[in-house]
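Asks: Attaching a single structure in structure tokens format; questions to follow.
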Amino acid sequence: MEERADTLLASMTDYITTTTDISDNRQLIEKVFSDSYFLEFLQRTEPHHDTISGPQVEFPIAILHKSLSNNLGVNSTQIVRLSLYTIIKQNRNHPEIKMEHYTRILYDIIQYGEVIREKRSHYQHHMLFFYPFIEGGEEKIIKATIKITKDEDKRIYLQSLHFVDLQRFQAERKRGLIVRHTIITSRPKCAPFLDFIDV
């Protein structure tokens, strides 16, 4: 599993360095999301302490727009990683987040969601993504938090993925700095400033 994750990471790194316009990278990301090793990885609830699938496994799951990585103070990479440690924590703490929320929605969250930069000093390495969508006829807001490491490598990681209510979203808006608004598609009466996308 670790070898496969490294191969996908190398492929994504090569794509960024050799492609002039990386804005339309859905096909590349979907290649990761359909990979059998990645799908197995998403279901992990316990660490396997061995040399093949230990806690060091990290899959590339998104490519940040250059303006967003620059906003975070990262010039060395645009790749967002998902670690085994985080997916185990996610599966324990947020069982409501299913595999399809990664494979079907995560790309749109990063590409099109509203982006808020934390102003609080102890969260200065974090960036929040909010994506309103319709699931089973119900309007939902999903929040993805990414963070950069404090070491010289400054890697970017997905830290959490979970649902929030409208009040929490409004509070985050007031507390942070809006870097990018959600792409407009429709405006339901219940939340006229939100853009719910039917997936």
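By order in the structure tokens, chains are A, B, ...; within a chain, residues start at 1; ligands start at 1, following the order shown.
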Set the distance at 10 Å and use only C-alpha atoms: which residues neighbour Lys66 in chain A once local chain neighbours fewer than 3 positions away are removed? I'd like the list as a PDB file with N, CA and C atoms, in the first residue's frame.

Replies:
```pdb
ATOM      1  N   ILE A  22      -2.933  23.355 -14.684  1.00  0.00           N
ATOM      2  CA  ILE A  22      -3.337  22.217 -13.851  1.00  0.00           C
ATOM      3  C   ILE A  22      -4.700  22.440 -13.220  1.00  0.00           C
ATOM      4  N   SER A  23      -5.445  23.454 -13.687  1.00  0.00           N
ATOM      5  CA  SER A  23      -6.733  23.764 -13.073  1.00  0.00           C
ATOM      6  C   SER A  23      -7.750  22.640 -13.278  1.00  0.00           C
ATOM      7  N   ILE A  63      -5.161  18.735  -5.370  1.00  0.00           N
ATOM      8  CA  ILE A  63      -4.164  19.718  -5.789  1.00  0.00           C
ATOM      9  C   ILE A  63      -4.746  21.097  -5.526  1.00  0.00           C
ATOM     10  N   SER A  69      -2.284  27.756  -2.045  1.00  0.00           N
ATOM     11  CA  SER A  69      -1.059  27.288  -1.393  1.00  0.00           C
ATOM     12  C   SER A  69      -0.167  28.474  -1.035  1.00  0.00           C
ATOM     13  N   ASN A  70      -0.140  29.485  -1.913  1.00  0.00           N
ATOM     14  CA  ASN A  70       0.623  30.694  -1.605  1.00  0.00           C
ATOM     15  C   ASN A  70       0.043  31.419  -0.402  1.00  0.00           C
ATOM     16  N   ASN A  71      -1.283  31.426  -0.302  1.00  0.00           N
ATOM     17  CA  ASN A  71      -1.949  32.066   0.825  1.00  0.00           C
ATOM     18  C   ASN A  71      -1.551  31.407   2.139  1.00  0.00           C
ATOM     19  N   LEU A  72      -1.301  30.110   2.067  1.00  0.00           N
ATOM     20  CA  LEU A  72      -0.857  29.371   3.251  1.00  0.00           C
ATOM     21  C   LEU A  72       0.637  29.545   3.513  1.00  0.00           C
ATOM     22  N   VAL A  74       2.969  28.363   1.385  1.00  0.00           N
ATOM     23  CA  VAL A  74       3.644  27.169   0.882  1.00  0.00           C
ATOM     24  C   VAL A  74       3.981  27.367  -0.591  1.00  0.00           C
ATOM     25  N   ASN A  75       5.246  27.320  -0.914  1.00  0.00           N
ATOM     26  CA  ASN A  75       5.681  27.472  -2.299  1.00  0.00           C
ATOM     27  C   ASN A  75       6.203  26.173  -2.891  1.00  0.00           C
ATOM     28  N   THR A  77       4.860  22.988  -2.660  1.00  0.00           N
ATOM     29  CA  THR A  77       3.929  21.953  -3.100  1.00  0.00           C
ATOM     30  C   THR A  77       2.513  22.494  -3.156  1.00  0.00           C
ATOM     31  N   GLN A  78       1.691  21.860  -3.975  1.00  0.00           N
ATOM     32  CA  GLN A  78       0.259  22.142  -4.023  1.00  0.00           C
ATOM     33  C   GLN A  78      -0.544  20.889  -3.704  1.00  0.00           C
TER      34      GLN A  78
END
```

Asks: Select from range 69-165 of chain A every residue with an atom at most 6 Å from any atom of range 171-179 of chain A, then for each give the shortest pair of atoms and their distance in Å to one decimal, using only C-alpha atoms, rows by chain and rising number, as JSON lines.

Replies:
```
{"residue": "A:Val115", "atom": "CA", "partner": "A:Val179", "partner_atom": "CA", "distance": 5.3}
{"residue": "A:Ile116", "atom": "CA", "partner": "A:Ile178", "partner_atom": "CA", "distance": 4.5}
{"residue": "A:Arg117", "atom": "CA", "partner": "A:Leu177", "partner_atom": "CA", "distance": 5.1}
{"residue": "A:Glu118", "atom": "CA", "partner": "A:Gly176", "partner_atom": "CA", "distance": 4.9}
{"residue": "A:Lys119", "atom": "CA", "partner": "A:Gly176", "partner_atom": "CA", "distance": 5.4}
```

Asks: Please run DSSP on the backbone and report, as a PyMOL selection string, all residues within chain A that come out as strand (DSSP E or B).

Replies: chain A and resi 58-63+79-83+114-117+126-135+138-148+156-164+177-180+197-198

Asks: Go ahead and save the picked residues with C-alpha atoms, as an mmCIF file, in the first residue's frame.

Replies:
```cif
data_model
loop_
_atom_site.group_PDB
_atom_site.id
_atom_site.type_symbol
_atom_site.label_atom_id
_atom_site.label_comp_id
_atom_site.auth_asym_id
_atom_site.auth_seq_id
_atom_site.Cartn_x
_atom_site.Cartn_y
_atom_site.Cartn_z
ATOM 1 C CA GLU A 58 -0.029 8.946 2.770
ATOM 2 C CA PHE A 59 -2.171 9.215 -0.347
ATOM 3 C CA PRO A 60 -2.359 12.373 -2.481
ATOM 4 C CA ILE A 61 -6.007 13.468 -2.586
ATOM 5 C CA ALA A 62 -6.094 16.996 -4.017
ATOM 6 C CA ILE A 63 -4.164 19.718 -5.789
ATOM 7 C CA ILE A 79 -0.511 18.518 -3.194
ATOM 8 C CA VAL A 80 -2.840 17.721 -0.299
ATOM 9 C CA ARG A 81 -2.150 14.406 1.420
ATOM 10 C CA LEU A 82 -4.335 12.117 3.510
ATOM 11 C CA SER A 83 -2.443 10.115 6.121
ATOM 12 C CA GLU A 114 -15.884 28.392 0.025
ATOM 13 C CA VAL A 115 -12.438 28.898 1.522
ATOM 14 C CA ILE A 116 -11.885 30.564 4.883
ATOM 15 C CA ARG A 117 -8.511 31.322 6.406
ATOM 16 C CA HIS A 126 -5.113 25.932 8.831
ATOM 17 C CA MET A 127 -7.466 26.591 5.922
ATOM 18 C CA LEU A 128 -11.171 25.693 5.945
ATOM 19 C CA PHE A 129 -13.246 24.575 2.956
ATOM 20 C CA PHE A 130 -17.068 24.583 3.092
ATOM 21 C CA TYR A 131 -19.170 22.931 0.420
ATOM 22 C CA PRO A 132 -22.991 22.970 0.448
ATOM 23 C CA PHE A 133 -24.633 20.114 -1.440
ATOM 24 C CA ILE A 134 -27.811 18.071 -1.609
ATOM 25 C CA GLU A 135 -27.722 14.427 -0.558
ATOM 26 C CA GLU A 138 -31.405 16.976 2.185
ATOM 27 C CA GLU A 139 -29.308 20.132 2.138
ATOM 28 C CA LYS A 140 -25.971 19.627 3.872
ATOM 29 C CA ILE A 141 -22.753 21.542 4.429
ATOM 30 C CA ILE A 142 -19.505 19.613 4.570
ATOM 31 C CA LYS A 143 -16.314 21.081 5.996
ATOM 32 C CA ALA A 144 -12.772 20.061 5.100
ATOM 33 C CA THR A 145 -9.844 21.362 7.123
ATOM 34 C CA ILE A 146 -6.346 21.320 5.711
ATOM 35 C CA LYS A 147 -3.174 22.242 7.540
ATOM 36 C CA ILE A 148 0.476 22.711 6.723
ATOM 37 C CA ILE A 156 -0.182 19.981 3.239
ATOM 38 C CA TYR A 157 -2.557 17.503 4.887
ATOM 39 C CA LEU A 158 -6.280 16.978 5.104
ATOM 40 C CA GLN A 159 -6.880 17.154 8.841
ATOM 41 C CA SER A 160 -10.629 16.512 9.033
ATOM 42 C CA LEU A 161 -13.800 16.081 7.005
ATOM 43 C CA HIS A 162 -17.248 16.353 8.592
ATOM 44 C CA PHE A 163 -20.678 17.962 8.366
ATOM 45 C CA VAL A 164 -21.542 21.280 10.016
ATOM 46 C CA LEU A 177 -11.190 35.631 6.440
ATOM 47 C CA ILE A 178 -13.083 34.570 3.316
ATOM 48 C CA VAL A 179 -10.498 33.767 0.659
ATOM 49 C CA ARG A 180 -12.875 32.347 -1.973
ATOM 50 C CA ILE A 197 -25.031 21.609 -5.429
ATOM 51 C CA ASP A 198 -27.071 18.483 -6.108
#
```

Asks: Could you pull out all residues of chain A with a DSSP call of alpha helix (DSSP H) and give them as a PyMOL selection string?

Replies: chain A and resi 2-18+26-33+36-42+66-71+84-93+99-100+106-112+166-175

Asks: Residues near Phe33 in chain A, anyone? I mean within 8 Å using only C-alpha atoms, not counting same-chain ones fewer than 2 positions away, as a list in words.

Replies: Ile29, Glu30, Lys31, Asp35, Phe38, Leu39, Ile61, Tyr102 and Thr103 of chain A

Asks: So how many Å separate CA of Lys89 in chain A and CA of Leu42 in chain A, to one decimal?

Replies: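 CA of Leu42 in chain A lies 11.0 Å from CA of Lys89 in chain A.
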
Asks: CA of Arg155 in chain A and CA of Asn91 in chain A are how many Å apart?

Replies: 22.5 Å

Asks: Of the candidates A:Val32, A:Leu84, A:Leu166, A:Leu64, which shows the shortest atom-to-atom distance to Ile16 in chain A, using only C-alpha atoms?

Replies: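 Under the stated criterion, the closest residue is A:Leu64.
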
Asks: Between CA of Leu68 in chain A and CA of Gln56 in chain A, what distance in Å does the model show, to one decimal?

Replies: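 Interatomic distance, CA of Leu68 in chain A to CA of Gln56 in chain A: 25.8 Å.
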
Asks: Identify which of the residues A:Asp24, A:Glu100, A:Glu46, A:Asp108 lies closest to Thr86 in chain A, counting only C-alpha atoms when measuring atom-to-atom distances.

Replies: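 Checking each of A:Asp24, A:Glu100, A:Glu46, A:Asp108 against Thr86 in chain A, counting only C-alpha atoms, the winner is A:Glu46.
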